[in-house]
Amino acid sequence: MRTRQVLLVAQREIRQRLRSKAFVGTTALLAVVVLGAAVVFTSGVGPFGDQGDAGADDEVTAPVEVAVVGELSEPARAAITASAGAEPVWLEVDDLGAARQAITDGAAFAVADGGRRLLARQPSGPFESPVPFGTVEALGIAVSMEAAGADAAEVDAALRPVAIQIETVQTGEGVDAETAAGRFAVAYGGSFALYMALAFFTQIVATGVIEEKGSRVVELMLPAVPPRQLLGGKLLGLGLIGTAQMVVIVVPALVYVLVRQPDLLPPGTGASLASVVVFFALGFALYAGVTGGLAALASRVEDLQSVIMPLWAILIVAFMLSFPTLGAPDSTLAVIATFVPFSAPFVVPVRLALVELPLWQAALSGLIVLVSAGLLTMLAARLYEGSILRGGGKVGYRAAWRGARG
Amino acid sequence: MLELDSLRRVYGDVVALDGLSFAVRPGQLCGFLGPNGSGKTTAMRAVLGVTRLDGGEVRWRGALITAQMRAATGYLPEERGLYAKMPIGEQLVYFARLHGSSAAAAASRVAELLDKLGLRDRMGDPTEKLSLGNQQRVQFAAALVHEPDLLVLDEPFSGLDPIAVDTMSLLLREQAERGAAVVFSSHQLDLVEDLCTTVAIVNRGRTVLHGEVRALKARGPTRLRVTVDGDDGWLSSIPVGAEVIGRNNGEVTLVLGDDVDAVGVLQHARTSGVVTAMSLEQPRLSELFRDAMEERA
Ligand SMILES: Nc1ncnc2c1ncn2[C@@H]1O[C@H](COP(=O)(O)OP(=O)(O)O)[C@@H](O)[C@H]1O
Ligand SMILES: [Mg+2]
């Protein structure tokens with residue numbers, strides 16, 4: 001019934017977005033940025049290329065100074081040299097106080113007690129090690145080998161790196177190590193894009209509702225289009241244009257990667273990107289429907305923030321749940337979040353990207369979101385109906401609930 | 001025929017509609033009059049189903065008005081509202097289509113209406129770029145764009161300049177001639193008197209006077225205006241049933257009761273001097289309105 005009106009309302013929303021230079025411009029810009037990221041990604045630089053070498057080169061050229069307090073044997077010196085990659089400048093100092101001063105003046109670290117004690121500079125960040133990577137292990141081996149009677153040459157030989165080949169056994173659990181980088185890129189990018197898109201489009205729904213209410217144009221519309229159809233058409237139109245926007249942003253980059261380096265994409269990338277689009281549509285139905293109902297409670301744009309707040313809090317918490325899922329995609333939390341309607345849109349694409357999520361789980365999750373979206377939107381439509389014609393301040397939940405057709 | 005039958009609506013302790021009734025036939029232009037707060041807007045919103053009723057019913061062609069009929073009705077709400085950023089031409093086509101017009105019919109009708117309103121070259125401009133008067137014209141056009149059988153307009157003339165009033169009056173007349181039932185509220189009594197075939201006057205949510213303008217005026221008490229070159233001693237002995245309601249530069253206006261003979265009153269006037277001017281007139285609508293309000297008070 002009244003499909004014609006719903007479609008007309010949806011069509012107007014779509015046209016209005018397409019006419020907006022800001023909307024079209026932002027979409028084009030985002031598509032270019034994502035495409036640019038894909039170009040960088042496939043060219044092997046950036047966070048997913050092998051960045052290790054670049055860092056190591058810098059360290060070799062820097063002159064490393066190591067302060068030595070008292071005696072330090074040749075085997076211990078050989079160990080430090082081996083882990084630093086080159087012989088450091090040895091600063092022989094008298095006591096720990098002088099060692100401290102040497103570090104303040106630029107020495108990398110100080111060795112005392114014949115190699116059993118290190119005094120290091122405070123690391124520059126929370127994840128940095130105070131001494132160069134491997135120094136502690138190498139020194140430990142040198143000290144115990146020396147105690148067993150080994151000389152410097154033997155220690156040096158023992159510490160010479162031999163290339164070790166690592167292979168993994170597929171247990172079916174956790175993230176496949178070979179494709180992990182690609183999978184994390186897809187998962188992280190997907191959930192972030194989803195969050196941005198949902199936040200953006202629910203905001204558009206909210207401002208659209210309040211504009212129609214504030215400008216009183218609803219009173220002209222309502223006799224021809226009942227409240228539910230008006231809200232439904234708006235959601236349909238914005239949902240379609242939002243989904244189209246996601247496709248426009250993601251597809252050029254995807255096609256580029258597929259053409260340039262098809263094996264770079266981890267298996268299932270297509271499925272997880274498709275799930276991002278599907279769960280955008282579902283998440284939009286869930287969040288935007290409720291947003292529409294809540295927004296009608298406000299009468300002015302200034303009141304909007306306070307009526308929408310509870311829902312936004314849920315949206316943000318749900319998005320945050322995708323972080324623990326990124327870390328442990330098979331954890332109990334991740335599994336529960338898959339079947340909670342509010343968090344499912346964020347968690348399912350992440351899990352699909354990272355691990356082999358059984359299809360039935362994704363489908364069931366989608367169904368749960370869809371049914372909840374339907375029920376919540378019906379409740380929201382009643383709030384909308386009861387408050388869309390009431391001006392002059394915020395309408396309470398109860399008044400709106402009771403006052404359909406006030 | 002549109003019938004408002006014993007409409008009742010209560011807001012808290014305010015009785016907005018208290019048994020209000022009147023009817024408008026197809027082809028009729030009905031002026032809906034009443035002081036502020038008398039329930040006009042509430043009654044019109046009830047016709048459109050935008051507000052609910054506590055009692056009474058609205059009928060169209062003898063049956064309860066349906067959602068379909070409401071969707072096909074042309075409506076100009078008291079609180080104006082258009083999409084600020086949407087081009088007016090596109091906007092009017094949108095409203096026409098929402099009300100059931102086909103795309104082609106909507107487009108040609110919009111072009112024709114904007115032409116008549118002198119806004120043809122503004123078609124691509126968004127509402128917010130138009131002057132308030134022009135926005136009002138667009139709002140007016142939004143009510144008639146789908147050629148409705150029923151038109152309900154809440155104070156369509158308020159805030160318009162005389163030229164716009166003429167244009168819109170003409171458009172409304174065309175609608176009635178086409179066979180639409182038109183009802184509009186207004187405080188411009190002289191305009192209503194010229195434009196409308198019928199009026200409904202309400203006060204405190206009740207109809208106090210309803211009928212054809214011509215019949216109401218004919219039924220109302222006659223006015224006699226007399227100018228006498230002399231003193232006004234004659235006024236002390238005018239017949240019972242005649243009452244002086246105004247004096248202006250020697251011209252005296254009297255209201256004559258049903259059984260008072262105007263010639264008898266003139267005879268009296270001649271006793272004081274020469275009658276230099278005289279006229280016998282039907283009451284103005286504004287006078288009927290004032291009388292109706294006083295009876296109620
Ligand atoms: N939404 C409302 N809530 C409370 N009172 C209202 C509302 N709408 C109208 N009223 C009251 O109903 C009465 C009739 O108002 P209204 O129909 O707007 O009159 P009019 O249009 O003739 O000026 C007024 O006393 C007004 O205050
Ligand atoms: Mg009013």
# chains A, B, ... in the order shown; residues from 1 in each chain; ligands from 1
call {"tool": "residues_around", "arguments": {"residues": "segment 19-28 of chain A", "least_positions_apart": "6", "cutoff": "8 Å", "atoms": "only C-alpha atoms", "output": "number ranges by chain"}}
result
A: 245, 248-249
call {"tool": "residues_near_ligand", "arguments": {"ligand": "ligand 1", "cutoff": "7 Å", "atoms": "only C-alpha atoms and all ligand atoms", "output": "ChimeraX atom specification"}}
result
/B:11,14-16,34-43
call {"tool": "write_last_selection", "arguments": {"atoms": "N, CA and C atoms", "output": "mmCIF file, in the first residue's frame"}}
result
data_model
loop_
_atom_site.group_PDB
_atom_site.id
_atom_site.type_symbol
_atom_site.label_atom_id
_atom_site.label_comp_id
_atom_site.auth_asym_id
_atom_site.auth_seq_id
_atom_site.Cartn_x
_atom_site.Cartn_y
_atom_site.Cartn_z
ATOM 1 N N TYR B 11 -8.472 20.432 24.126
ATOM 2 C CA TYR B 11 -7.056 20.372 24.511
ATOM 3 C C TYR B 11 -6.980 20.706 25.996
ATOM 4 N N VAL B 14 -9.104 23.527 27.373
ATOM 5 C CA VAL B 14 -9.549 24.397 26.276
ATOM 6 C C VAL B 14 -10.441 23.599 25.326
ATOM 7 N N VAL B 15 -11.668 24.080 25.141
ATOM 8 C CA VAL B 15 -12.538 23.441 24.156
ATOM 9 C C VAL B 15 -12.322 24.183 22.841
ATOM 10 N N ALA B 16 -11.555 23.567 21.944
ATOM 11 C CA ALA B 16 -11.218 24.238 20.685
ATOM 12 C C ALA B 16 -12.384 24.145 19.711
ATOM 13 N N GLY B 34 -13.883 33.917 11.730
ATOM 14 C CA GLY B 34 -13.997 33.817 13.180
ATOM 15 C C GLY B 34 -12.809 34.500 13.799
ATOM 16 N N PRO B 35 -12.977 35.022 15.037
ATOM 17 C CA PRO B 35 -11.843 35.692 15.691
ATOM 18 C C PRO B 35 -10.714 34.697 15.972
ATOM 19 N N ASN B 36 -9.548 35.218 16.347
ATOM 20 C CA ASN B 36 -8.419 34.337 16.673
ATOM 21 C C ASN B 36 -8.803 33.370 17.790
ATOM 22 N N GLY B 37 -8.386 32.138 17.647
ATOM 23 C CA GLY B 37 -8.644 31.152 18.699
ATOM 24 C C GLY B 37 -10.041 30.576 18.658
ATOM 25 N N SER B 38 -10.791 30.828 17.576
ATOM 26 C CA SER B 38 -12.168 30.334 17.548
ATOM 27 C C SER B 38 -12.257 28.900 17.025
ATOM 28 N N GLY B 39 -11.149 28.330 16.586
ATOM 29 C CA GLY B 39 -11.156 26.920 16.204
ATOM 30 C C GLY B 39 -11.054 26.650 14.712
ATOM 31 N N LYS B 40 -10.764 27.685 13.908
ATOM 32 C CA LYS B 40 -10.700 27.486 12.455
ATOM 33 C C LYS B 40 -9.584 26.520 12.062
ATOM 34 N N THR B 41 -8.387 26.788 12.589
ATOM 35 C CA THR B 41 -7.251 25.934 12.223
ATOM 36 C C THR B 41 -7.487 24.496 12.674
ATOM 37 N N THR B 42 -7.980 24.341 13.894
ATOM 38 C CA THR B 42 -8.241 22.992 14.406
ATOM 39 C C THR B 42 -9.240 22.263 13.508
ATOM 40 N N ALA B 43 -10.287 22.962 13.091
ATOM 41 C CA ALA B 43 -11.294 22.324 12.232
ATOM 42 C C ALA B 43 -10.685 21.907 10.893
#
call {"tool": "residues_around", "arguments": {"residues": "Glu174 of chain B", "least_positions_apart": "6", "cutoff": "10 Å", "atoms": "only C-alpha atoms", "output": "PyMOL selection string"}}
result
chain B and resi 27+168+180
call {"tool": "closest_atom_pairs", "arguments": {"of": "chain A", "to": "chain B", "cutoff": "7 Å", "atoms": "only C-alpha atoms", "output": "tab-separated table"}}
result
residue	atom	partner	partner_atom	distance
A:Gln5	CA	B:Leu98	CA	5.8
A:Leu8	CA	B:Leu98	CA	7.0
A:Ser215	CA	B:Gly81	CA	5.2
A:Arg216	CA	B:Gly81	CA	4.7
A:Val217	CA	B:Gly81	CA	4.1
A:Glu219	CA	B:Pro77	CA	6.9
A:Leu220	CA	B:Pro77	CA	6.6
A:Pro223	CA	B:Ala71	CA	5.0
A:Ala224	CA	B:Ala71	CA	3.8
A:Arg405	CA	B:Thr51	CA	5.8
A:Gly406	CA	B:Thr51	CA	5.8
call {"tool": "closest_residue", "arguments": {"among": "B:Gly205, B:Pro283, B:Gly56, B:Gly133", "to": "ligand 2", "atoms": "only C-alpha atoms and all ligand atoms"}}
result
B:Gly205
call {"tool": "residues_around", "arguments": {"residues": "Val252 of chain B", "least_positions_apart": "3", "cutoff": "6 Å", "atoms": "only C-alpha atoms", "output": "list of chain:residue names"}}
result
B:Arg225, B:Val226, B:Gly246, B:Arg247
call {"tool": "residues_around", "arguments": {"residues": "Leu198 of chain A", "least_positions_apart": "5", "cutoff": "12 Å", "atoms": "only C-alpha atoms", "output": "ChimeraX atom specification"}}
result
/A:191-193,203-205,238-239,242-243,245-246,276-277,279-289,291,311-312,315-316,318-319,342,345-346
call {"tool": "closest_residue", "arguments": {"among": "A:Ala86, A:Ala334, A:Ala107, A:Met309", "to": "Ala295 of chain A", "atoms": "only C-alpha atoms"}}
result
A:Met309
call {"tool": "select_by_dssp", "arguments": {"residues": "segment 201-245 of chain A", "states": "alpha helix (DSSP H)", "output": "VMD selection string"}}
result
chain A and resid 201 to 214 217 to 221 227 to 245
call {"tool": "atom_distance", "arguments": {"atom1": "atom CA of Leu364 of chain A", "atom2": "atom CA of Met196 of chain A"}}
result
24.4 Å
call {"tool": "closest_residue", "arguments": {"among": "B:Leu151, B:Leu256, B:Met44, B:Leu113", "to": "ligand 2", "atoms": "only C-alpha atoms and all ligand atoms"}}
result
B:Met44
call {"tool": "atom_distance", "arguments": {"atom1": "atom CA of Leu171 of chain B", "atom2": "atom CA of Leu195 of chain B"}}
result
11.1 Å
call {"tool": "residues_around", "arguments": {"residues": "segment 271-277 of chain B", "least_positions_apart": "4", "cutoff": "8 Å", "atoms": "only C-alpha atoms", "output": "tab-separated table (two decimals) with N, CA, C and O atoms, in the first residue's frame"}}
result
chain	number	residue	atom	x	y	z
B	225	ARG	N	-28.90	55.46	5.34
B	225	ARG	CA	-28.00	56.60	5.57
B	225	ARG	C	-28.72	57.86	5.08
B	225	ARG	O	-29.18	57.91	3.94
B	226	VAL	N	-28.78	58.86	5.95
B	226	VAL	CA	-29.51	60.09	5.62
B	226	VAL	C	-28.63	61.30	5.96
B	226	VAL	O	-28.00	61.32	7.01
B	227	THR	N	-28.62	62.29	5.02
B	227	THR	CA	-27.95	63.57	5.34
B	227	THR	C	-29.02	64.67	5.28
B	227	THR	O	-29.69	64.81	4.26
B	228	VAL	N	-29.17	65.38	6.40
B	228	VAL	CA	-30.21	66.40	6.49
B	228	VAL	C	-29.55	67.77	6.66
B	228	VAL	O	-28.64	67.92	7.46
B	229	ASP	N	-30.01	68.74	5.84
B	229	ASP	CA	-29.50	70.11	5.98
B	229	ASP	C	-30.33	70.80	7.05
B	229	ASP	O	-31.32	71.44	6.77
B	230	GLY	N	-29.94	70.66	8.30
B	230	GLY	CA	-30.71	71.22	9.40
B	230	GLY	C	-30.21	70.65	10.71
B	230	GLY	O	-29.12	70.09	10.78
B	231	ASP	N	-31.00	70.78	11.78
B	231	ASP	CA	-30.55	70.22	13.07
B	231	ASP	C	-30.93	68.73	13.14
B	231	ASP	O	-31.55	68.20	12.23
B	232	ASP	N	-30.51	68.03	14.22
B	232	ASP	CA	-30.88	66.62	14.28
B	232	ASP	C	-31.93	66.35	15.35
B	232	ASP	O	-31.94	65.32	16.00
B	233	GLY	N	-32.80	67.36	15.52
B	233	GLY	CA	-33.90	67.19	16.48
B	233	GLY	C	-34.77	66.00	16.16
B	233	GLY	O	-35.28	65.33	17.06
B	234	TRP	N	-34.88	65.66	14.85
B	234	TRP	CA	-35.76	64.56	14.42
B	234	TRP	C	-35.34	63.22	15.01
B	234	TRP	O	-36.13	62.30	15.15
B	267	GLN	N	-39.68	60.64	6.52
B	267	GLN	CA	-40.68	61.66	6.85
B	267	GLN	C	-40.25	62.43	8.10
B	267	GLN	O	-40.32	63.64	8.16
call {"tool": "residues_around", "arguments": {"residues": "Leu35 of chain A", "least_positions_apart": "4", "cutoff": "10 Å", "atoms": "only C-alpha atoms", "output": "number ranges by chain"}}
result
A: 29-31, 39-41, 249-257
call {"tool": "atom_distance", "arguments": {"atom1": "atom CA of Arg116 of chain A", "atom2": "atom CA of Leu139 of chain A"}}
result
8.0 Å
